[in-house]
$ cat upload.cif   # mmCIF, C-alpha atoms
data_start
loop_
_atom_site.label_atom_id
_atom_site.label_comp_id
_atom_site.auth_asym_id
_atom_site.auth_seq_id
_atom_site.Cartn_x
_atom_site.Cartn_y
_atom_site.Cartn_z
CA MET A 29 49.16 -43.12 -58.03
CA THR A 30 46.66 -45.98 -58.14
CA LYS A 31 44.92 -46.65 -54.82
CA TYR A 32 44.30 -50.32 -54.00
CA VAL A 33 41.31 -51.10 -51.77
CA ALA A 34 40.46 -54.61 -50.54
CA VAL A 35 37.27 -55.93 -48.97
CA ALA A 36 37.78 -59.00 -46.75
CA GLY A 37 35.69 -61.24 -44.51
CA LYS A 38 34.23 -64.72 -44.26
CA GLY A 39 31.43 -65.88 -46.54
CA GLY A 40 27.90 -64.72 -45.91
CA VAL A 41 28.65 -61.49 -44.04
CA GLY A 42 27.81 -59.11 -46.89
CA LYS A 43 31.28 -58.64 -48.35
CA THR A 44 30.15 -58.57 -51.98
CA THR A 45 27.14 -56.40 -51.13
CA PHE A 46 29.44 -53.85 -49.51
CA THR A 47 31.86 -53.99 -52.47
CA ALA A 48 29.09 -53.43 -55.00
CA LEU A 49 27.63 -50.50 -53.06
CA LEU A 50 31.07 -48.99 -52.51
CA LEU A 51 31.65 -49.12 -56.26
CA ARG A 52 28.21 -47.60 -56.85
CA GLN A 53 28.99 -44.64 -54.62
CA MET A 54 32.48 -44.17 -56.00
CA VAL A 55 31.12 -43.90 -59.54
CA LYS A 56 28.52 -41.38 -58.38
CA GLU A 57 30.68 -39.20 -56.14
CA LEU A 58 34.19 -39.53 -57.60
CA GLN A 59 33.24 -38.55 -61.10
CA GLY A 60 36.03 -38.71 -63.62
CA LYS A 61 37.96 -41.33 -61.64
CA THR A 62 38.68 -44.64 -63.37
CA ILE A 63 37.87 -47.83 -61.44
CA LEU A 64 38.88 -51.46 -61.85
CA ALA A 65 36.99 -54.04 -59.78
CA VAL A 66 38.62 -57.43 -59.13
CA ASP A 67 36.50 -60.36 -57.92
CA ALA A 68 39.09 -62.56 -56.19
CA ASP A 69 36.53 -64.74 -54.39
CA PRO A 70 36.33 -68.30 -55.83
CA ASN A 71 32.55 -68.08 -55.30
CA ALA A 72 32.44 -65.17 -57.72
CA ASN A 73 29.22 -63.15 -57.83
CA LEU A 74 30.35 -59.52 -57.81
CA ASN A 75 29.44 -59.33 -61.50
CA GLU A 76 25.81 -60.17 -60.65
CA ALA A 77 25.74 -57.47 -57.97
CA LEU A 78 27.06 -55.01 -60.56
CA GLY A 79 24.84 -56.23 -63.40
CA LEU A 80 27.77 -57.31 -65.60
CA GLU A 81 28.08 -60.52 -67.62
CA VAL A 82 31.18 -62.72 -67.30
CA THR A 83 32.24 -64.85 -70.27
CA ALA A 84 35.47 -66.24 -68.82
CA THR A 85 37.39 -66.16 -65.55
CA ILE A 86 41.14 -65.73 -65.18
CA SER A 87 41.54 -69.20 -63.65
CA GLU A 88 39.86 -70.76 -66.70
CA LEU A 89 42.20 -68.89 -69.01
CA LEU A 90 45.25 -69.84 -66.94
CA GLU A 91 44.14 -73.48 -67.04
CA ASP A 92 44.20 -73.29 -70.84
CA SER A 93 47.81 -72.15 -70.66
CA LYS A 94 48.80 -75.47 -69.02
CA ASN A 95 47.86 -77.32 -72.21
CA PRO A 96 50.73 -77.02 -74.73
CA LYS A 97 48.35 -77.83 -77.59
CA ALA A 98 46.27 -74.74 -76.80
CA ILE A 99 49.21 -72.42 -77.52
CA PRO A 100 49.53 -71.45 -81.22
CA THR A 101 52.70 -72.70 -82.88
CA GLY A 102 55.49 -70.16 -82.64
CA MET A 103 53.80 -68.07 -79.94
CA PRO A 104 55.76 -67.77 -76.66
CA LYS A 105 53.83 -69.00 -73.63
CA ASP A 106 54.05 -65.68 -71.80
CA VAL A 107 52.66 -63.83 -74.83
CA PHE A 108 49.79 -66.35 -75.05
CA ILE A 109 48.94 -65.93 -71.36
CA GLU A 110 49.03 -62.13 -71.54
CA TYR A 111 46.77 -62.27 -74.60
CA LYS A 112 44.33 -64.48 -72.69
CA LEU A 113 44.44 -62.18 -69.66
CA GLN A 114 43.54 -59.20 -71.81
CA GLN A 115 40.51 -61.15 -73.06
CA SER A 116 39.29 -61.59 -69.49
CA LEU A 117 38.81 -57.86 -68.86
CA ILE A 118 35.13 -56.88 -68.80
CA GLU A 119 34.75 -53.25 -69.77
CA SER A 120 31.70 -51.12 -69.01
CA LYS A 121 30.81 -47.44 -69.00
CA ASP A 122 31.66 -46.84 -65.34
CA ILE A 123 33.61 -49.86 -64.04
CA ASP A 124 35.92 -52.47 -65.54
CA LEU A 125 35.94 -55.93 -63.97
CA LEU A 126 38.30 -58.89 -63.68
CA VAL A 127 37.01 -62.18 -62.25
CA MET A 128 39.65 -64.52 -60.82
CA GLY A 129 37.54 -67.67 -60.49
CA GLY A 130 38.32 -70.82 -58.53
CA PRO A 131 41.01 -73.52 -58.90
CA GLN A 132 40.57 -75.56 -62.08
CA GLY A 133 42.71 -78.62 -61.41
CA PRO A 134 46.01 -80.00 -60.11
CA GLY A 135 49.38 -78.63 -61.03
CA CYS A 136 51.60 -75.71 -60.22
CA TYR A 137 50.28 -72.22 -60.94
CA CYS A 138 53.50 -70.46 -59.92
CA TYR A 139 54.43 -69.38 -63.45
CA PRO A 140 50.98 -68.15 -64.55
CA ASN A 141 50.42 -66.52 -61.15
CA ASP A 142 53.68 -64.61 -61.59
CA LEU A 143 52.45 -63.37 -64.96
CA LEU A 144 49.07 -62.54 -63.44
CA ARG A 145 50.77 -60.47 -60.75
CA LYS A 146 52.71 -58.49 -63.35
CA TYR A 147 49.59 -58.09 -65.50
CA LEU A 148 47.51 -56.75 -62.60
CA GLU A 149 50.24 -54.32 -61.63
CA THR A 150 50.54 -53.06 -65.21
CA LEU A 151 46.77 -52.94 -65.70
CA GLY A 152 46.19 -51.29 -62.33
CA ASN A 153 48.43 -48.40 -63.33
CA ASN A 154 45.73 -47.40 -65.84
CA TYR A 155 43.17 -46.76 -63.09
CA ASP A 156 42.75 -44.34 -60.20
CA PHE A 157 41.28 -47.10 -57.99
CA VAL A 158 41.49 -50.89 -57.91
CA ILE A 159 38.81 -52.42 -55.65
CA VAL A 160 39.33 -56.08 -54.73
CA ASP A 161 36.61 -58.36 -53.35
CA THR A 162 38.96 -60.87 -51.71
CA GLU A 163 38.56 -64.53 -50.83
CA ALA A 164 38.19 -65.41 -47.16
CA GLY A 165 41.69 -66.89 -46.89
CA LEU A 166 43.43 -63.79 -48.32
CA GLU A 167 45.49 -66.05 -50.61
CA HIS A 168 45.83 -63.45 -53.36
CA ILE A 169 47.24 -60.98 -50.87
CA SER A 170 49.59 -63.40 -49.11
CA ARG A 171 50.95 -64.52 -52.49
CA ARG A 172 51.19 -60.88 -53.55
CA THR A 173 49.07 -61.48 -56.62
CA ILE A 174 47.50 -58.15 -55.69
CA PRO A 175 50.46 -55.70 -55.76
CA ARG A 176 49.62 -53.87 -52.54
CA ILE A 177 46.72 -52.81 -50.32
CA ASP A 178 46.40 -49.15 -49.34
CA LEU A 179 43.10 -49.63 -47.53
CA MET A 180 41.23 -52.72 -46.37
CA PHE A 181 37.67 -53.06 -45.12
CA VAL A 182 37.08 -56.14 -42.97
CA ILE A 183 33.39 -57.04 -43.07
CA SER A 184 31.42 -58.76 -40.32
CA ASP A 185 27.73 -59.35 -39.82
CA SER A 186 26.13 -58.29 -36.53
CA SER A 187 26.92 -61.46 -34.59
CA ALA A 188 29.57 -62.30 -32.01
CA ARG A 189 30.86 -65.12 -34.23
CA GLY A 190 31.12 -62.74 -37.16
CA ILE A 191 33.06 -60.17 -35.13
CA ARG A 192 35.42 -62.86 -33.84
CA SER A 193 35.99 -64.03 -37.40
CA ALA A 194 36.81 -60.45 -38.40
CA GLY A 195 39.35 -60.41 -35.58
CA ARG A 196 40.98 -63.55 -37.00
CA VAL A 197 41.12 -61.90 -40.43
CA ASN A 198 42.90 -58.98 -38.78
CA ASP A 199 45.36 -61.41 -37.20
CA LEU A 200 46.03 -62.89 -40.66
CA ILE A 201 46.61 -59.42 -42.09
CA ASN A 202 49.07 -58.60 -39.32
CA GLY A 203 50.95 -61.81 -40.07
CA LEU A 204 51.27 -61.18 -43.79
CA ARG A 205 54.54 -60.03 -45.29
CA SER A 206 52.58 -57.80 -47.64
CA ALA A 207 51.94 -54.49 -45.93
CA VAL A 208 48.37 -53.25 -45.58
CA ASN A 209 48.38 -49.54 -44.86
CA GLU A 210 44.98 -48.99 -43.19
CA VAL A 211 42.41 -51.51 -41.93
CA PHE A 212 38.83 -50.75 -40.88
CA LEU A 213 35.91 -52.82 -39.60
CA VAL A 214 32.44 -52.58 -41.14
CA VAL A 215 29.50 -54.35 -39.47
CA THR A 216 26.57 -55.30 -41.68
CA LYS A 217 22.91 -56.21 -41.10
CA THR A 218 22.74 -54.13 -37.93
CA THR A 219 19.55 -53.37 -36.04
CA GLU A 220 18.87 -50.90 -33.24
CA GLY A 221 21.16 -51.60 -30.30
CA SER A 222 23.13 -54.39 -31.97
CA LEU A 223 26.41 -52.44 -32.05
CA ASP A 224 26.16 -51.68 -28.34
CA SER A 225 25.74 -55.40 -27.63
CA LEU A 226 28.79 -56.22 -29.76
CA GLN A 227 31.10 -53.47 -28.47
CA LYS A 228 33.16 -55.74 -26.20
CA GLU A 229 33.75 -58.20 -29.06
CA ILE A 230 34.64 -55.35 -31.41
CA ASP A 231 37.17 -54.00 -28.93
CA LYS A 232 38.88 -57.41 -28.78
CA THR A 233 39.52 -57.43 -32.55
CA GLY A 234 41.87 -54.45 -32.44
CA LEU A 235 40.00 -53.09 -35.48
CA ARG A 236 38.69 -49.57 -35.82
CA LEU A 237 34.95 -49.53 -36.56
CA ILE A 238 34.46 -47.13 -39.48
CA GLY A 239 30.71 -47.67 -39.93
CA ASP A 240 27.82 -50.10 -40.06
CA ILE A 241 25.28 -51.14 -42.69
CA PRO A 242 21.72 -51.43 -41.34
CA LEU A 243 19.55 -54.39 -42.27
CA ASP A 244 17.86 -53.06 -45.42
CA SER A 245 14.64 -54.49 -46.85
CA MET A 246 15.59 -53.07 -50.27
CA VAL A 247 18.76 -55.19 -50.30
CA VAL A 248 16.73 -58.27 -49.31
CA THR A 249 14.21 -57.60 -52.11
CA HIS A 250 16.93 -57.08 -54.73
CA ASP A 251 18.59 -60.35 -53.68
CA LEU A 252 15.30 -62.26 -53.84
CA GLU A 253 14.54 -60.86 -57.29
CA GLY A 254 18.08 -61.34 -58.55
CA SER A 255 18.36 -57.63 -59.35
CA PRO A 256 21.80 -55.97 -59.36
CA LEU A 257 22.51 -54.24 -56.04
CA TYR A 258 24.21 -51.56 -58.12
CA THR A 259 20.72 -50.34 -59.06
CA LEU A 260 19.56 -49.69 -55.48
CA PRO A 261 17.99 -46.21 -55.11
CA ASP A 262 19.57 -43.34 -53.19
CA ASP A 263 17.11 -43.69 -50.30
CA SER A 264 18.28 -47.23 -49.52
CA LEU A 265 19.56 -47.42 -45.94
CA ALA A 266 22.52 -49.53 -47.09
CA VAL A 267 23.43 -47.07 -49.86
CA GLN A 268 23.33 -44.14 -47.42
CA ALA A 269 25.50 -46.01 -44.90
CA VAL A 270 28.13 -46.85 -47.53
CA GLN A 271 28.11 -43.23 -48.66
CA LYS A 272 29.10 -42.14 -45.13
CA ILE A 273 31.92 -44.71 -45.07
CA LEU A 274 33.15 -43.51 -48.48
CA ILE A 275 33.29 -39.92 -47.26
CA LYS A 276 35.32 -40.95 -44.20
CA THR A 277 37.87 -43.04 -46.08
CA LEU A 278 38.22 -42.41 -49.81
CA LYS A 279 37.10 -38.86 -50.57
#

$ encode --input "upload.cif" --output "structure tokens"
Amino acid sequence: MTKYVAVAGKGGVGKTTFTALLLRQMVKELQGKTILAVDADPNANLNEALGLEVTATISELLEDSKNPKAIPTGMPKDVFIEYKLQQSLIESKDIDLLVMGGPQGPGCYCYPNDLLRKYLETLGNNYDFVIVDTEAGLEHISRRTIPRIDLMFVISDSSARGIRSAGRVNDLINGLRSAVNEVFLVVTKTTEGSLDSLQKEIDKTGLRLIGDIPLDSMVVTHDLEGSPLYTLPDDSLAVQAVQKILIKTLK
């Protein structure tokens, strides 16, 4: 059965960095497993972290479906949308990628979102893992666009505000009708002693800390150069930290 994994957290805490490095380690250590990555953040940049080029987002394709003139004569609307959705899949040697994109304009997306939900569920069945880099508001989960979540990582940076925000994300998860099976906290950009200083705030969140990602100069350099984080070497502190988290949760 396909395992759905989501990565959640507010902007700027290293959510996409963690997602990219998690995917990197999964490809390396879970050889033979098929993986679909879904960038559900409106500020989509997972493709850059993975070194993949995006030609169209799902939201752009769904916007086209709202224009009757864009649909070929005689083609049912649902067939047209499914055809467009298939075009949005970016295929690579190790990972396939779907990019949701942001809202394109006014109007109801209920019908296309329903088709998107069915498409993702059908497509997801072709993979061993579906890894979702979610938006901060968890809209795709609350609307059940993502079929289910077996495991969620809530990401925070090493600040009290970040930990408190992670706690609010956990509160949102608990209030959702969609069940999330397991939820873990990951703290990023840590330095020596920072976790000890944050322990009281972490305890208040009700989240289980599964690991931390040290502040890594290699990640900073890759970001400055615009290089894909997917290409970080094995001796990167961040890569090694994510490897430990992978072993604890997905292997």

$ resolve_selection --input "upload.cif" --expression "the PyMOL selection byres ((chain A and resi 223) around 12)" --output "mmCIF file with C-alpha atoms, in the coordinates of the input"
data_model
loop_
_atom_site.group_PDB
_atom_site.id
_atom_site.type_symbol
_atom_site.label_atom_id
_atom_site.label_comp_id
_atom_site.auth_asym_id
_atom_site.auth_seq_id
_atom_site.Cartn_x
_atom_site.Cartn_y
_atom_site.Cartn_z
ATOM 1 C CA SER A 184 31.420 -58.760 -40.320
ATOM 2 C CA ASP A 185 27.730 -59.350 -39.820
ATOM 3 C CA SER A 186 26.130 -58.290 -36.530
ATOM 4 C CA SER A 187 26.920 -61.460 -34.590
ATOM 5 C CA ALA A 188 29.570 -62.300 -32.010
ATOM 6 C CA ILE A 191 33.060 -60.170 -35.130
ATOM 7 C CA VAL A 214 32.440 -52.580 -41.140
ATOM 8 C CA VAL A 215 29.500 -54.350 -39.470
ATOM 9 C CA THR A 216 26.570 -55.300 -41.680
ATOM 10 C CA LYS A 217 22.910 -56.210 -41.100
ATOM 11 C CA THR A 218 22.740 -54.130 -37.930
ATOM 12 C CA THR A 219 19.550 -53.370 -36.040
ATOM 13 C CA GLU A 220 18.870 -50.900 -33.240
ATOM 14 C CA GLY A 221 21.160 -51.600 -30.300
ATOM 15 C CA SER A 222 23.130 -54.390 -31.970
ATOM 16 C CA ASP A 224 26.160 -51.680 -28.340
ATOM 17 C CA SER A 225 25.740 -55.400 -27.630
ATOM 18 C CA LEU A 226 28.790 -56.220 -29.760
ATOM 19 C CA GLN A 227 31.100 -53.470 -28.470
ATOM 20 C CA LYS A 228 33.160 -55.740 -26.200
ATOM 21 C CA GLU A 229 33.750 -58.200 -29.060
ATOM 22 C CA ILE A 230 34.640 -55.350 -31.410
ATOM 23 C CA ASP A 231 37.170 -54.000 -28.930
ATOM 24 C CA LEU A 237 34.950 -49.530 -36.560
ATOM 25 C CA GLY A 239 30.710 -47.670 -39.930
ATOM 26 C CA ASP A 240 27.820 -50.100 -40.060
ATOM 27 C CA ILE A 241 25.280 -51.140 -42.690
ATOM 28 C CA PRO A 242 21.720 -51.430 -41.340
#

$ resolve_selection --input "upload.cif" --expression "the PyMOL selection byres ((chain A and resi 247) around 9)" --output "list of chain:residue names"
A:Thr45, A:Leu243, A:Asp244, A:Ser245, A:Met246, A:Val248, A:Thr249, A:His250, A:Asp251, A:Leu252, A:Leu257, A:Leu260, A:Ser264, A:Leu265, A:Ala266

$ residues_around --input "upload.cif" --residues "range 154-162 of chain A" --least-positions-apart "5" --cutoff "8 Å" --atoms "all atoms listed in the file" --output "VMD selection string"
chain A and resid 29 to 37 43 to 44 47 51 61 to 69 74 168

$ resolve_selection --input "upload.cif" --expression "the PyMOL selection byres ((chain A and resi 92) around 12)" --output "PyMOL selection string"
chain A and resi 84-91+93-100+105+108-109+111-113+132-133+137+140

$ atom_distance --input "upload.cif" --atom1 "CA of Leu151 in chain A" --atom2 "CA of Gly102 in chain A"
25.7 Å

$ atom_distance --input "upload.cif" --atom1 "CA of Asn71 in chain A" --atom2 "CA of Gly129 in chain A"
7.2 Å

$ closest_residue --input "upload.cif" --among "A:Glu163, A:Glu119, A:Lys38, A:Arg172" --to "Asp142 in chain A" --atoms "only C-alpha atoms"
A:Arg172

$ atom_distance --input "upload.cif" --atom1 "CA of Ile273 in chain A" --atom2 "CA of Gln59 in chain A"
17.2 Å

$ closest_residue --input "upload.cif" --among "A:Glu76, A:Leu50, A:Thr173, A:Gly40" --to "Gly254 in chain A" --atoms "all atoms listed in the file"
A:Glu76

$ residues_around --input "upload.cif" --residues "Ser170 in chain A" --least-positions-apart "6" --cutoff "12 Å" --atoms "all atoms listed in the file" --output "count of residues only"
14

$ decode --input "upload.cif" --residues "range 244-276 of chain A" --atoms "N, CA and C atoms" --output "short mmCIF file (atom, residue, chain, number, x, y, z; two decimals), in the first residue's frame"
data_model
loop_
_atom_site.label_atom_id
_atom_site.label_comp_id
_atom_site.auth_asym_id
_atom_site.auth_seq_id
_atom_site.Cartn_x
_atom_site.Cartn_y
_atom_site.Cartn_z
N ASP A 244 23.88 24.17 8.93
CA ASP A 244 24.88 23.53 8.05
C ASP A 244 25.38 24.55 7.03
N SER A 245 26.67 24.83 7.07
CA SER A 245 27.25 25.80 6.13
C SER A 245 27.12 25.34 4.68
N MET A 246 27.07 24.02 4.46
CA MET A 246 26.92 23.51 3.09
C MET A 246 25.53 23.86 2.54
N VAL A 247 24.50 23.79 3.40
CA VAL A 247 23.16 24.18 2.97
C VAL A 247 23.13 25.66 2.64
N VAL A 248 23.76 26.48 3.48
CA VAL A 248 23.81 27.93 3.24
C VAL A 248 24.49 28.23 1.92
N THR A 249 25.62 27.56 1.64
CA THR A 249 26.36 27.78 0.40
C THR A 249 25.55 27.36 -0.81
N HIS A 250 24.89 26.21 -0.73
CA HIS A 250 24.05 25.75 -1.85
C HIS A 250 22.93 26.75 -2.13
N ASP A 251 22.31 27.27 -1.06
CA ASP A 251 21.23 28.25 -1.24
C ASP A 251 21.76 29.53 -1.89
N LEU A 252 22.91 30.00 -1.45
CA LEU A 252 23.49 31.22 -2.00
C LEU A 252 23.84 31.05 -3.48
N GLU A 253 24.31 29.87 -3.83
CA GLU A 253 24.71 29.60 -5.21
C GLU A 253 23.55 29.18 -6.10
N GLY A 254 22.40 28.89 -5.48
CA GLY A 254 21.26 28.41 -6.24
C GLY A 254 21.41 26.98 -6.70
N SER A 255 22.26 26.22 -6.01
CA SER A 255 22.47 24.81 -6.36
C SER A 255 21.40 23.94 -5.72
N PRO A 256 20.98 22.87 -6.39
CA PRO A 256 19.97 21.98 -5.80
C PRO A 256 20.49 21.35 -4.50
N LEU A 257 19.67 21.40 -3.45
CA LEU A 257 20.04 20.77 -2.18
C LEU A 257 20.16 19.26 -2.33
N TYR A 258 19.50 18.73 -3.34
CA TYR A 258 19.53 17.30 -3.62
C TYR A 258 20.96 16.81 -3.89
N THR A 259 21.84 17.74 -4.29
CA THR A 259 23.21 17.37 -4.64
C THR A 259 24.19 17.53 -3.47
N LEU A 260 23.69 17.82 -2.27
CA LEU A 260 24.57 17.92 -1.11
C LEU A 260 25.33 16.61 -0.90
N PRO A 261 26.59 16.69 -0.48
CA PRO A 261 27.39 15.47 -0.29
C PRO A 261 26.99 14.71 0.98
N ASP A 262 27.46 13.48 1.09
CA ASP A 262 27.11 12.63 2.22
C ASP A 262 27.62 13.16 3.55
N ASP A 263 28.70 13.96 3.53
CA ASP A 263 29.25 14.45 4.80
C ASP A 263 28.59 15.74 5.28
N SER A 264 27.55 16.18 4.59
CA SER A 264 26.78 17.34 5.05
C SER A 264 26.10 17.00 6.38
N LEU A 265 26.19 17.91 7.34
CA LEU A 265 25.56 17.69 8.64
C LEU A 265 24.05 17.51 8.50
N ALA A 266 23.44 18.30 7.61
CA ALA A 266 21.99 18.22 7.40
C ALA A 266 21.60 16.88 6.79
N VAL A 267 22.38 16.42 5.82
CA VAL A 267 22.12 15.12 5.19
C VAL A 267 22.19 14.00 6.22
N GLN A 268 23.23 14.03 7.07
CA GLN A 268 23.39 12.98 8.07
C GLN A 268 22.26 13.00 9.10
N ALA A 269 21.79 14.20 9.44
CA ALA A 269 20.68 14.30 10.40
C ALA A 269 19.39 13.74 9.83
N VAL A 270 19.12 14.05 8.56
CA VAL A 270 17.91 13.54 7.91
C VAL A 270 17.99 12.02 7.75
N GLN A 271 19.18 11.52 7.51
CA GLN A 271 19.36 10.07 7.41
C GLN A 271 18.93 9.38 8.71
N LYS A 272 19.30 9.94 9.85
CA LYS A 272 18.92 9.38 11.14
C LYS A 272 17.40 9.40 11.33
N ILE A 273 16.76 10.49 10.89
CA ILE A 273 15.30 10.60 11.00
C ILE A 273 14.63 9.56 10.10
N LEU A 274 15.17 9.39 8.90
CA LEU A 274 14.62 8.40 7.97
C LEU A 274 14.66 7.01 8.58
N ILE A 275 15.79 6.67 9.17
CA ILE A 275 15.94 5.34 9.79
C ILE A 275 14.93 5.12 10.89
N LYS A 276 14.63 6.18 11.67
CA LYS A 276 13.69 6.06 12.78
C LYS A 276 12.23 5.93 12.33
#
